[in-house]
file entry07.txt (compact mmCIF, C-alpha atoms and all ligand atoms)
# COMPACT_ATOMS: atom_id res chain seq x y z
CA MET P 384 0.00 0.00 0.00
CA ALA P 385 1.29 3.49 -0.82
CA ARG P 386 2.32 5.61 2.13
CA LYS P 387 0.37 8.71 3.04
CA ALA P 388 2.66 10.46 5.55
CA LEU P 389 6.28 11.54 5.84
CA PHE P 390 8.89 9.20 7.21
CA ILE P 391 11.68 11.29 8.75
CA THR P 392 14.82 9.86 10.30
CA PHE P 393 17.39 11.63 12.47
CA GLU P 394 21.01 10.60 12.31
CA GLY P 395 24.30 11.77 13.70
CA PRO P 396 27.01 10.97 16.20
CA GLU P 397 26.32 10.58 19.86
CA GLY P 398 25.19 13.67 21.68
CA ALA P 399 24.32 15.43 18.41
CA GLY P 400 20.98 16.53 19.80
CA LYS P 401 18.68 14.16 17.90
CA SER P 402 16.33 13.39 20.80
CA THR P 403 16.07 17.07 21.70
CA GLN P 404 15.12 18.06 18.14
CA ILE P 405 12.69 15.14 17.74
CA LYS P 406 10.81 16.24 20.86
CA LEU P 407 10.55 19.83 19.58
CA LEU P 408 9.49 18.70 16.12
CA LYS P 409 6.79 16.42 17.52
CA GLU P 410 5.31 19.38 19.46
CA TYR P 411 5.53 21.63 16.39
CA LEU P 412 3.80 19.15 14.08
CA GLU P 413 1.12 18.27 16.63
CA SER P 414 0.37 21.97 17.11
CA GLN P 415 -0.59 21.93 13.41
CA GLY P 416 -3.06 19.12 14.09
CA ARG P 417 -0.89 16.39 12.55
CA LYS P 418 -0.54 12.89 13.98
CA VAL P 419 3.04 11.99 14.90
CA LEU P 420 4.78 8.83 16.06
CA VAL P 421 8.21 9.08 17.70
CA THR P 422 10.27 5.93 17.70
CA ARG P 423 13.91 4.83 17.79
CA GLU P 424 16.44 2.28 16.67
CA PRO P 425 17.58 -0.12 17.78
CA GLY P 426 14.22 -0.82 19.36
CA GLY P 427 10.74 0.57 18.86
CA THR P 428 8.90 -2.73 19.47
CA PRO P 429 8.97 -4.98 22.56
CA LEU P 430 11.03 -7.62 20.76
CA ALA P 431 13.35 -5.11 19.11
CA GLU P 432 13.94 -3.47 22.52
CA ASN P 433 15.28 -6.84 23.69
CA PHE P 434 17.78 -6.80 20.82
CA ARG P 435 18.64 -3.21 21.79
CA ASN P 436 19.52 -4.31 25.28
CA ILE P 437 21.90 -6.94 23.90
CA VAL P 438 23.72 -4.72 21.37
CA LYS P 439 24.08 -1.87 23.85
CA HIS P 440 24.76 -3.64 27.14
CA TYR P 441 25.91 -7.23 26.58
CA GLN P 442 29.04 -7.81 28.71
CA GLY P 443 29.33 -11.61 28.79
CA GLU P 444 32.50 -13.66 28.46
CA GLU P 445 31.47 -15.05 25.07
CA PRO P 446 32.34 -12.41 22.43
CA LEU P 447 29.55 -10.69 20.57
CA TYR P 448 31.08 -10.86 17.09
CA PRO P 449 30.69 -7.92 14.66
CA PRO P 450 28.55 -9.96 12.19
CA THR P 451 26.26 -10.94 15.06
CA GLU P 452 25.94 -7.31 16.09
CA LEU P 453 25.11 -6.34 12.50
CA LEU P 454 22.46 -9.06 12.20
CA LEU P 455 20.90 -8.08 15.52
CA PHE P 456 20.50 -4.48 14.34
CA GLU P 457 18.92 -5.72 11.12
CA ALA P 458 16.65 -8.18 12.93
CA ALA P 459 15.47 -5.41 15.24
CA ARG P 460 14.89 -3.20 12.19
CA THR P 461 12.73 -5.79 10.40
CA GLN P 462 10.49 -6.06 13.47
CA HIS P 463 10.32 -2.30 13.82
CA VAL P 464 9.49 -1.57 10.17
CA ASN P 465 6.79 -4.21 9.90
CA TYR P 466 5.19 -3.87 13.31
CA VAL P 467 5.37 -0.10 13.88
CA ILE P 468 6.68 2.08 11.05
CA ALA P 469 4.77 0.78 8.03
CA PRO P 470 1.38 0.61 9.82
CA ALA P 471 1.82 4.18 11.11
CA LEU P 472 2.69 5.58 7.69
CA GLN P 473 -0.22 3.71 6.14
CA ASN P 474 -2.48 5.36 8.72
CA ASN P 475 -1.31 8.83 7.77
CA ILE P 476 0.86 9.24 10.86
CA ILE P 477 4.17 11.08 10.46
CA VAL P 478 7.01 8.92 11.75
CA LEU P 479 10.04 10.52 13.45
CA CYS P 480 12.68 7.87 13.98
CA ASP P 481 15.84 8.37 16.06
CA ARG P 482 18.47 6.50 13.95
CA PHE P 483 17.80 4.08 11.09
CA ILE P 484 19.67 2.49 8.16
CA ASP P 485 22.41 5.13 7.97
CA SER P 486 23.47 4.32 11.54
CA THR P 487 24.24 0.77 10.40
CA GLU P 488 26.35 2.01 7.51
CA ALA P 489 28.20 4.43 9.80
CA TYR P 490 28.67 2.24 12.91
CA GLN P 491 28.83 -1.34 11.60
CA GLY P 492 30.13 -0.49 8.11
CA ALA P 493 32.68 2.23 8.84
CA GLY P 494 33.10 1.73 12.61
CA ARG P 495 33.27 -2.08 12.70
CA ALA P 496 34.57 -2.47 9.11
CA GLN P 497 31.84 -4.84 7.99
CA ASN P 498 31.42 -5.41 4.23
CA MET P 499 29.63 -2.29 3.02
CA ASP P 500 27.97 -3.79 -0.09
CA PHE P 501 26.58 -6.71 1.89
CA LEU P 502 25.45 -4.38 4.68
CA ARG P 503 23.56 -2.17 2.22
CA GLN P 504 21.84 -5.26 0.81
CA LEU P 505 20.85 -6.25 4.35
CA ASN P 506 19.52 -2.74 5.00
CA GLY P 507 17.40 -3.02 1.85
CA TYR P 508 16.22 -6.49 2.83
CA ALA P 509 15.23 -5.29 6.32
CA ILE P 510 13.25 -2.22 5.22
CA GLY P 511 11.77 -3.20 1.86
CA GLU P 512 10.00 -0.19 0.37
CA TRP P 513 10.15 1.86 3.59
CA VAL P 514 13.00 4.18 2.68
CA PRO P 515 12.91 7.47 4.65
CA ASP P 516 11.54 10.49 2.78
CA LEU P 517 13.88 12.80 4.64
CA THR P 518 16.92 12.19 6.81
CA LEU P 519 18.27 14.98 8.98
CA LEU P 520 21.93 14.37 9.71
CA ILE P 521 22.99 16.47 12.69
CA ASP P 522 26.71 16.79 12.21
CA LEU P 523 29.01 17.59 15.11
CA PRO P 524 32.73 17.28 15.91
CA VAL P 525 33.20 13.94 17.65
CA GLU P 526 34.76 15.44 20.77
CA VAL P 527 31.80 17.77 21.34
CA GLY P 528 29.27 14.97 20.94
CA LEU P 529 31.14 12.66 23.29
CA GLN P 530 31.41 15.41 25.93
CA ARG P 531 27.67 15.99 25.77
CA ALA P 532 26.94 12.26 25.90
CA ALA P 533 29.36 11.79 28.82
CA ALA P 534 27.53 14.45 30.82
CA ARG P 535 24.22 12.75 30.05
CA VAL P 536 25.58 9.25 30.74
CA ALA P 537 26.93 10.25 34.14
CA HIS P 538 23.55 11.73 34.91
CA ILE P 539 21.42 8.68 34.07
CA VAL P 540 24.02 6.03 35.00
CA ASP P 541 24.67 4.16 31.77
CA HIS P 542 28.34 3.28 32.19
CA ASN P 543 28.35 0.03 30.20
CA ASP P 544 27.28 1.09 26.72
CA ARG P 545 29.33 -1.02 24.28
CA LEU P 546 29.22 1.47 21.40
CA GLU P 547 29.71 4.65 23.40
CA ALA P 548 32.81 3.08 24.92
CA GLU P 549 34.55 2.82 21.53
CA LYS P 550 37.71 4.88 20.94
CA ILE P 551 37.76 8.27 19.27
CA ASP P 552 38.97 7.02 15.85
CA PHE P 553 35.92 4.71 15.69
CA HIS P 554 33.67 7.74 16.16
CA GLN P 555 35.70 9.72 13.59
CA ARG P 556 35.05 6.95 11.03
CA VAL P 557 31.36 7.06 11.94
CA ARG P 558 31.20 10.80 11.31
CA ALA P 559 33.06 10.53 7.98
CA ALA P 560 30.72 7.75 6.83
CA TYR P 561 27.65 9.84 7.62
CA LEU P 562 29.01 12.75 5.59
CA ALA P 563 29.77 10.36 2.71
CA ILE P 564 26.14 9.15 2.73
CA ALA P 565 24.94 12.76 2.58
CA ARG P 566 27.19 13.44 -0.43
CA ARG P 567 25.87 10.29 -2.13
CA GLU P 568 22.17 10.97 -1.40
CA PRO P 569 21.80 14.77 -1.15
CA GLN P 570 18.11 14.65 -1.97
CA ARG P 571 17.20 12.47 1.02
CA VAL P 572 19.94 13.38 3.51
CA ARG P 573 20.27 16.98 4.69
CA VAL P 574 23.23 17.97 6.84
CA LEU P 575 22.51 20.32 9.73
CA ASP P 576 25.09 22.03 11.96
CA GLY P 577 24.83 20.38 15.39
CA SER P 578 27.02 23.04 17.00
CA LEU P 579 24.19 25.57 16.68
CA ASP P 580 22.22 26.23 19.84
CA ILE P 581 19.01 24.24 20.31
CA GLU P 582 16.71 26.97 18.99
CA ALA P 583 18.79 27.83 15.91
CA LEU P 584 19.14 24.16 15.07
CA PHE P 585 15.41 23.68 15.43
CA ASN P 586 14.80 26.52 12.95
CA ALA P 587 16.91 24.60 10.44
CA VAL P 588 14.98 21.39 11.21
CA LYS P 589 11.64 23.14 10.74
CA GLN P 590 12.72 24.59 7.40
CA GLN P 591 13.66 21.15 6.06
CA VAL P 592 10.46 19.55 7.34
CA ASP P 593 8.21 22.35 6.10
CA ASP P 594 9.79 22.00 2.64
CA ALA P 595 9.26 18.23 2.66
CA LEU P 596 5.63 18.60 3.79
CA SER P 597 4.92 21.10 1.03
CA GLU P 598 6.09 18.52 -1.53
CA LEU P 599 3.79 15.74 -0.28
N1 LIG M 601 23.57 1.92 16.42
C1 LIG M 601 24.36 1.15 15.59
O1 LIG M 601 25.54 0.93 15.90
N2 LIG M 601 23.83 0.65 14.46
C2 LIG M 601 22.55 0.85 14.10
O2 LIG M 601 22.10 0.35 13.06
C3 LIG M 601 21.72 1.65 14.97
C4 LIG M 601 22.27 2.17 16.12
C5 LIG M 601 20.29 1.91 14.61
C6 LIG M 601 22.05 3.89 20.11
O3 LIG M 601 22.35 4.72 21.16
C7 LIG M 601 23.38 3.28 19.70
O4 LIG M 601 23.15 2.30 18.69
C8 LIG M 601 24.28 4.32 19.10
C9 LIG M 601 24.50 3.88 17.66
C10 LIG M 601 24.13 2.46 17.68
N3 LIG M 601 25.49 4.22 19.85
N4 LIG M 601 26.41 4.97 19.89
N5 LIG M 601 27.36 5.46 20.13
P1 LIG M 601 21.31 5.60 21.94
O5 LIG M 601 19.98 5.53 21.29
O6 LIG M 601 21.39 5.23 23.37
O7 LIG M 601 21.99 7.01 21.89
P2 LIG M 601 22.25 8.00 20.71
O8 LIG M 601 21.40 7.74 19.54
O9 LIG M 601 23.72 7.99 20.46
O10 LIG M 601 21.71 9.35 21.32
P3 LIG M 601 22.27 10.31 22.38
O11 LIG M 601 23.70 10.08 22.73
O12 LIG M 601 21.31 10.32 23.51
O13 LIG M 601 22.30 11.67 21.64
P4 LIG M 601 21.19 12.58 20.95
O14 LIG M 601 19.83 12.02 21.07
O15 LIG M 601 21.70 12.88 19.60
O16 LIG M 601 21.29 13.91 21.83
P5 LIG M 601 20.33 14.55 22.96
O17 LIG M 601 19.98 13.49 23.97
O18 LIG M 601 19.27 15.31 22.32
O19 LIG M 601 21.34 15.57 23.58
C11 LIG M 601 22.50 15.14 24.28
C12 LIG M 601 22.89 16.22 25.32
O20 LIG M 601 23.26 17.43 24.63
C13 LIG M 601 21.73 16.61 26.25
O21 LIG M 601 22.27 16.91 27.50
C14 LIG M 601 21.15 17.86 25.60
O22 LIG M 601 20.53 18.72 26.51
C15 LIG M 601 22.38 18.50 24.98
N6 LIG M 601 22.08 19.20 23.72
C16 LIG M 601 21.18 18.85 22.78
N7 LIG M 601 21.18 19.71 21.76
C17 LIG M 601 22.12 20.64 22.05
C18 LIG M 601 22.60 21.80 21.36
N8 LIG M 601 22.12 22.17 20.15
N9 LIG M 601 23.58 22.51 21.94
C19 LIG M 601 24.07 22.15 23.15
N10 LIG M 601 23.66 21.06 23.86
C20 LIG M 601 22.69 20.32 23.31
call {"tool": "encode", "arguments": {"input": "entry07.txt", "output": "structure tokens", "more": "lines below"}}
Ligand code: Z5A
result
Amino acid sequence: MARKALFITFEGPEGAGKSTQIKLLKEYLESQGRKVLVTREPGGTPLAENFRNIVKHYQGEEPLYPPTELLLFEAARTQHVNYVIAPALQNNIIVLCDRFIDSTEAYQGAGRAQNMDFLRQLNGYAIGEWVPDLTLLIDLPVEVGLQRAAARVAHIVDHNDRLEAEKIDFHQRVRAAYLAIARREPQRVRVLDGSLDIEALFNAVKQQVDDALSEL
């Protein structure tokens, strides 16, 4: 069935401000009388949230191998797309998703050096026709994002996050991969300056979303 509403994803390094902007955008769109669903990856369904817990917090003796991690992200995504995202879009509900396919390319492809062609095929297999209409990539120097995330992590006590614990060059590769996706798909992926203050960044978000809505 053809979709009736916008599917918008937010991407970027840690601490870029995705959650903050998603919350503001939800309020803005709802104030216009639109229906909005906020969701996230990995996760977004009860089963996919279980996979999230593994990929973020697993600390067992048995290694969690990079291909396993990749497949868990894709398994979570298949559940999420079929159970939550597609039904919402078919019901004319705008979907705002915190991370999606580009995170896999950036983190598992560039960060963990998994085969990029195979990974893109897996992304396509997991999402089928449900490609985002618009992706807002909030770009930020890695050090700034990690400082913000560290402040938040200390606050909510999340000391064991497997991905956040990666070294700085891992996060540099993630950032470079995101910017490469934006160069490759400039129509879908719009780069926004994450070093702007919250309000200025939100003005840039609104402009992109208003433009996309006017083209529906
Ligand atoms: N991952 C993956 O590897 N492969 C995949 O396929 C997928 C995901 C889908 C999910 O982590 C992890 O999964 C992620 C990638 C991986 N791991 N890493 N690293 P998550 O969901 O727990 O966390 P996150 O997505 O990285 O989000 P975050 O760190 O919470 O950041 P955020 O949502 O972008 O930022 P925020 O919470 O809105 O803001 C962070 C702090 O900065 C907060 O204190 C704000 O008040 C402050 N902030 C926000 N905006 C601003 C501005 N503009 N200026 C100053 N300060 C600001």
call {"tool": "closest_atom_pairs", "arguments": {"input": "entry07.txt", "of": "chain P", "to": "ligand LIG 601 (chain M)", "cutoff": "6 Å", "atoms": "only C-alpha atoms and all ligand atoms", "output": "tab-separated table"}}
result
residue	atom	partner	partner_atom	distance
P:Glu397	CA	M:LIG601	O9	3.7
P:Gly398	CA	M:LIG601	O13	3.5
P:Ala399	CA	M:LIG601	O15	3.8
P:Gly400	CA	M:LIG601	O18	3.3
P:Lys401	CA	M:LIG601	O15	3.7
P:Ser402	CA	M:LIG601	O14	3.8
P:Thr403	CA	M:LIG601	O18	3.7
P:Glu424	CA	M:LIG601	C5	4.4
P:Pro425	CA	M:LIG601	C5	4.6
P:Phe456	CA	M:LIG601	O2	5.2
P:Arg482	CA	M:LIG601	C5	5.0
P:Phe483	CA	M:LIG601	C5	4.8
P:Ile484	CA	M:LIG601	O2	5.9
P:Ser486	CA	M:LIG601	C2	4.4
P:Thr487	CA	M:LIG601	O2	3.4
P:Tyr490	CA	M:LIG601	O1	4.5
P:Gln491	CA	M:LIG601	O1	5.9
P:Arg531	CA	M:LIG601	O20	4.8
P:Ala532	CA	M:LIG601	O11	5.0
P:Arg535	CA	M:LIG601	O21	5.3
P:Leu546	CA	M:LIG601	N5	4.6
P:Glu547	CA	M:LIG601	N5	4.1
P:Gly577	CA	M:LIG601	N8	5.8
P:Ser578	CA	M:LIG601	N8	5.9
P:Leu579	CA	M:LIG601	N8	5.3
P:Asp580	CA	M:LIG601	N8	4.1
P:Ile581	CA	M:LIG601	N8	3.7
call {"tool": "atom_distance", "arguments": {"input": "entry07.txt", "atom1": "atom CA of Ala563 of chain P", "atom2": "atom CA of Ala493 of chain P"}}
result
10.6 Å
call {"tool": "closest_residue", "arguments": {"input": "entry07.txt", "among": "P:Ile437, P:Ile564, P:Leu520, P:Ala559", "to": "Asp576 of chain P", "atoms": "only C-alpha atoms"}}
result
P:Leu520
call {"tool": "residues_around", "arguments": {"input": "entry07.txt", "residues": "Val478 of chain P", "least_positions_apart": "5", "cutoff": "9 Å", "atoms": "all atoms listed in the file", "output": "MDAnalysis selection string"}}
result
chainID P and resid 388:392 418:422 468 471:472
call {"tool": "residues_around", "arguments": {"input": "entry07.txt", "residues": "Arg556 of chain P", "least_positions_apart": "3", "cutoff": "9 Å", "atoms": "all atoms listed in the file", "output": "NGL selection string"}}
result
:P and (489-490 or 493-494 or 551-553 or 559-561)
call {"tool": "closest_residue", "arguments": {"input": "entry07.txt", "among": "P:Gln590, P:Val557, P:Val464, P:Ala458", "to": "Pro515 of chain P", "atoms": "all atoms listed in the file"}}
result
P:Val464
call {"tool": "atom_distance", "arguments": {"input": "entry07.txt", "atom1": "atom CA of Pro429 of chain P", "atom2": "atom CA of Thr451 of chain P"}}
result
19.8 Å
call {"tool": "closest_residue", "arguments": {"input": "entry07.txt", "among": "P:Val467, P:Ile476, P:Leu412, P:Leu407", "to": "Gly426 of chain P", "atoms": "all atoms listed in the file"}}
result
P:Val467
call {"tool": "atom_distance", "arguments": {"input": "entry07.txt", "atom1": "atom CA of Ile405 of chain P", "atom2": "atom CA of Asn506 of chain P"}}
result
23.0 Å
call {"tool": "closest_residue", "arguments": {"input": "entry07.txt", "among": "P:Ala533, P:Leu430, P:Met499, P:Ala587", "to": "Arg460 of chain P", "atoms": "all atoms listed in the file"}}
result
P:Leu430
call {"tool": "closest_residue", "arguments": {"input": "entry07.txt", "among": "P:Leu453, P:Arg566, P:Arg417, P:Ala583", "to": "Ala496 of chain P", "atoms": "only C-alpha atoms"}}
result
P:Leu453
call {"tool": "axis_aligned_box", "arguments": {"input": "entry07.txt", "around": "segment 422-428 of chain P", "padding_each_side": "8 Å", "output": "lines of an AutoDock Vina configuration file"}}
result
center_x = 13.2
center_y = 1.6
center_z = 18.1
size_x = 24.7
size_y = 24.7
size_z = 18.8
call {"tool": "closest_residue", "arguments": {"input": "entry07.txt", "among": "P:Gln462, P:Asp593, P:Arg545, P:Glu457", "to": "Arg503 of chain P", "atoms": "all atoms listed in the file"}}
result
P:Glu457
call {"tool": "residues_around", "arguments": {"input": "entry07.txt", "residues": "segment 439-443 of chain P", "least_positions_apart": "3", "cutoff": "9 Å", "atoms": "only C-alpha atoms", "output": "PDB file with C-alpha atoms, in the frame of the given file"}}
result
ATOM      1  CA  PHE P 434      17.780  -6.800  20.820  1.00  0.00           C
ATOM      2  CA  ARG P 435      18.640  -3.210  21.790  1.00  0.00           C
ATOM      3  CA  ASN P 436      19.520  -4.310  25.280  1.00  0.00           C
ATOM      4  CA  PRO P 446      32.340 -12.410  22.430  1.00  0.00           C
ATOM      5  CA  LEU P 447      29.550 -10.690  20.570  1.00  0.00           C
ATOM      6  CA  ASN P 543      28.350   0.030  30.200  1.00  0.00           C
ATOM      7  CA  ASP P 544      27.280   1.090  26.720  1.00  0.00           C
ATOM      8  CA  ARG P 545      29.330  -1.020  24.280  1.00  0.00           C
ATOM      9  CA  LEU P 546      29.220   1.470  21.400  1.00  0.00           C
ATOM     10  CA  GLU P 547      29.710   4.650  23.400  1.00  0.00           C
TER      11      GLU P 547
END
call {"tool": "decode", "arguments": {"input": "entry07.txt", "residues": "segment 511-522 of chain P", "atoms": "all heavy atoms", "output": "PDB file, in the first residue's frame"}}
result
ATOM      1  N   GLY P 511      12.656  -3.114   3.020  1.00  0.00           N
ATOM      2  CA  GLY P 511      11.769  -3.202   1.857  1.00  0.00           C
ATOM      3  C   GLY P 511      11.564  -1.830   1.231  1.00  0.00           C
ATOM      4  O   GLY P 511      12.522  -1.100   0.988  1.00  0.00           O
ATOM      5  N   GLU P 512      10.307  -1.477   1.047  1.00  0.00           N
ATOM      6  CA  GLU P 512      10.001  -0.195   0.372  1.00  0.00           C
ATOM      7  C   GLU P 512      10.081   1.008   1.303  1.00  0.00           C
ATOM      8  O   GLU P 512       9.925   2.149   0.868  1.00  0.00           O
ATOM      9  CB  GLU P 512       8.592  -0.248  -0.213  1.00  0.00           C
ATOM     10  CG  GLU P 512       7.532  -0.276   0.856  1.00  0.00           C
ATOM     11  CD  GLU P 512       6.111  -0.485   0.339  1.00  0.00           C
ATOM     12  OE1 GLU P 512       5.470   0.482  -0.037  1.00  0.00           O
ATOM     13  OE2 GLU P 512       5.670  -1.656   0.341  1.00  0.00           O
ATOM     14  N   TRP P 513      10.318   0.778   2.599  1.00  0.00           N
ATOM     15  CA  TRP P 513      10.150   1.860   3.588  1.00  0.00           C
ATOM     16  C   TRP P 513      11.424   2.673   3.767  1.00  0.00           C
ATOM     17  O   TRP P 513      11.992   2.763   4.862  1.00  0.00           O
ATOM     18  CB  TRP P 513       9.621   1.271   4.901  1.00  0.00           C
ATOM     19  CG  TRP P 513       8.339   0.539   4.652  1.00  0.00           C
ATOM     20  CD1 TRP P 513       8.184  -0.814   4.515  1.00  0.00           C
ATOM     21  CD2 TRP P 513       7.051   1.103   4.400  1.00  0.00           C
ATOM     22  NE1 TRP P 513       6.888  -1.125   4.211  1.00  0.00           N
ATOM     23  CE2 TRP P 513       6.166   0.043   4.136  1.00  0.00           C
ATOM     24  CE3 TRP P 513       6.560   2.407   4.380  1.00  0.00           C
ATOM     25  CZ2 TRP P 513       4.815   0.237   3.850  1.00  0.00           C
ATOM     26  CZ3 TRP P 513       5.224   2.607   4.092  1.00  0.00           C
ATOM     27  CH2 TRP P 513       4.371   1.533   3.836  1.00  0.00           C
ATOM     28  N   VAL P 514      11.832   3.289   2.675  1.00  0.00           N
ATOM     29  CA  VAL P 514      12.997   4.184   2.684  1.00  0.00           C
ATOM     30  C   VAL P 514      12.543   5.541   3.261  1.00  0.00           C
ATOM     31  O   VAL P 514      11.451   6.012   2.918  1.00  0.00           O
ATOM     32  CB  VAL P 514      13.518   4.389   1.241  1.00  0.00           C
ATOM     33  CG1 VAL P 514      14.703   5.352   1.216  1.00  0.00           C
ATOM     34  CG2 VAL P 514      13.884   3.045   0.610  1.00  0.00           C
ATOM     35  N   PRO P 515      13.341   6.164   4.119  1.00  0.00           N
ATOM     36  CA  PRO P 515      12.911   7.472   4.653  1.00  0.00           C
ATOM     37  C   PRO P 515      12.726   8.491   3.528  1.00  0.00           C
ATOM     38  O   PRO P 515      13.460   8.504   2.540  1.00  0.00           O
ATOM     39  CB  PRO P 515      14.078   7.877   5.562  1.00  0.00           C
ATOM     40  CG  PRO P 515      14.780   6.609   5.889  1.00  0.00           C
ATOM     41  CD  PRO P 515      14.605   5.705   4.714  1.00  0.00           C
ATOM     42  N   ASP P 516      11.725   9.389   3.723  1.00  0.00           N
ATOM     43  CA  ASP P 516      11.535  10.492   2.775  1.00  0.00           C
ATOM     44  C   ASP P 516      12.579  11.575   3.006  1.00  0.00           C
ATOM     45  O   ASP P 516      12.999  12.256   2.079  1.00  0.00           O
ATOM     46  CB  ASP P 516      10.142  11.114   2.973  1.00  0.00           C
ATOM     47  CG  ASP P 516       9.054  10.078   2.741  1.00  0.00           C
ATOM     48  OD1 ASP P 516       8.960   9.579   1.616  1.00  0.00           O
ATOM     49  OD2 ASP P 516       8.340   9.740   3.699  1.00  0.00           O
ATOM     50  N   LEU P 517      12.938  11.732   4.269  1.00  0.00           N
ATOM     51  CA  LEU P 517      13.879  12.798   4.637  1.00  0.00           C
ATOM     52  C   LEU P 517      14.724  12.301   5.808  1.00  0.00           C
ATOM     53  O   LEU P 517      14.190  11.719   6.758  1.00  0.00           O
ATOM     54  CB  LEU P 517      13.089  14.050   5.079  1.00  0.00           C
ATOM     55  CG  LEU P 517      13.891  15.223   5.630  1.00  0.00           C
ATOM     56  CD1 LEU P 517      14.777  15.843   4.542  1.00  0.00           C
ATOM     57  CD2 LEU P 517      12.950  16.307   6.190  1.00  0.00           C
ATOM     58  N   THR P 518      16.021  12.534   5.702  1.00  0.00           N
ATOM     59  CA  THR P 518      16.917  12.188   6.809  1.00  0.00           C
ATOM     60  C   THR P 518      17.672  13.446   7.212  1.00  0.00           C
ATOM     61  O   THR P 518      18.311  14.087   6.365  1.00  0.00           O
ATOM     62  CB  THR P 518      17.909  11.088   6.370  1.00  0.00           C
ATOM     63  OG1 THR P 518      17.172   9.901   6.084  1.00  0.00           O
ATOM     64  CG2 THR P 518      18.926  10.786   7.469  1.00  0.00           C
ATOM     65  N   LEU P 519      17.552  13.807   8.485  1.00  0.00           N
ATOM     66  CA  LEU P 519      18.267  14.981   8.982  1.00  0.00           C
ATOM     67  C   LEU P 519      19.510  14.498   9.722  1.00  0.00           C
ATOM     68  O   LEU P 519      19.406  13.852  10.773  1.00  0.00           O
ATOM     69  CB  LEU P 519      17.353  15.811   9.884  1.00  0.00           C
ATOM     70  CG  LEU P 519      16.116  16.359   9.151  1.00  0.00           C
ATOM     71  CD1 LEU P 519      15.194  17.104  10.105  1.00  0.00           C
ATOM     72  CD2 LEU P 519      16.519  17.254   7.977  1.00  0.00           C
ATOM     73  N   LEU P 520      20.649  14.779   9.121  1.00  0.00           N
ATOM     74  CA  LEU P 520      21.927  14.370   9.706  1.00  0.00           C
ATOM     75  C   LEU P 520      22.474  15.553  10.498  1.00  0.00           C
ATOM     76  O   LEU P 520      22.850  16.579   9.931  1.00  0.00           O
ATOM     77  CB  LEU P 520      22.900  13.972   8.583  1.00  0.00           C
ATOM     78  CG  LEU P 520      24.370  13.779   8.977  1.00  0.00           C
ATOM     79  CD1 LEU P 520      24.533  12.777  10.105  1.00  0.00           C
ATOM     80  CD2 LEU P 520      25.174  13.342   7.754  1.00  0.00           C
ATOM     81  N   ILE P 521      22.474  15.398  11.819  1.00  0.00           N
ATOM     82  CA  ILE P 521      22.991  16.468  12.686  1.00  0.00           C
ATOM     83  C   ILE P 521      24.476  16.196  12.885  1.00  0.00           C
ATOM     84  O   ILE P 521      24.872  15.272  13.594  1.00  0.00           O
ATOM     85  CB  ILE P 521      22.228  16.505  14.025  1.00  0.00           C
ATOM     86  CG1 ILE P 521      20.718  16.680  13.759  1.00  0.00           C
ATOM     87  CG2 ILE P 521      22.751  17.649  14.884  1.00  0.00           C
ATOM     88  CD1 ILE P 521      19.864  16.777  14.998  1.00  0.00           C
ATOM     89  N   ASP P 522      25.265  17.005  12.219  1.00  0.00           N
ATOM     90  CA  ASP P 522      26.713  16.786  12.212  1.00  0.00           C
ATOM     91  C   ASP P 522      27.373  17.589  13.328  1.00  0.00           C
ATOM     92  O   ASP P 522      26.980  18.728  13.601  1.00  0.00           O
ATOM     93  CB  ASP P 522      27.271  17.204  10.842  1.00  0.00           C
ATOM     94  CG  ASP P 522      28.764  16.988  10.785  1.00  0.00           C
ATOM     95  OD1 ASP P 522      29.216  15.860  11.094  1.00  0.00           O
ATOM     96  OD2 ASP P 522      29.491  17.952  10.454  1.00  0.00           O
TER      97      ASP P 522
END
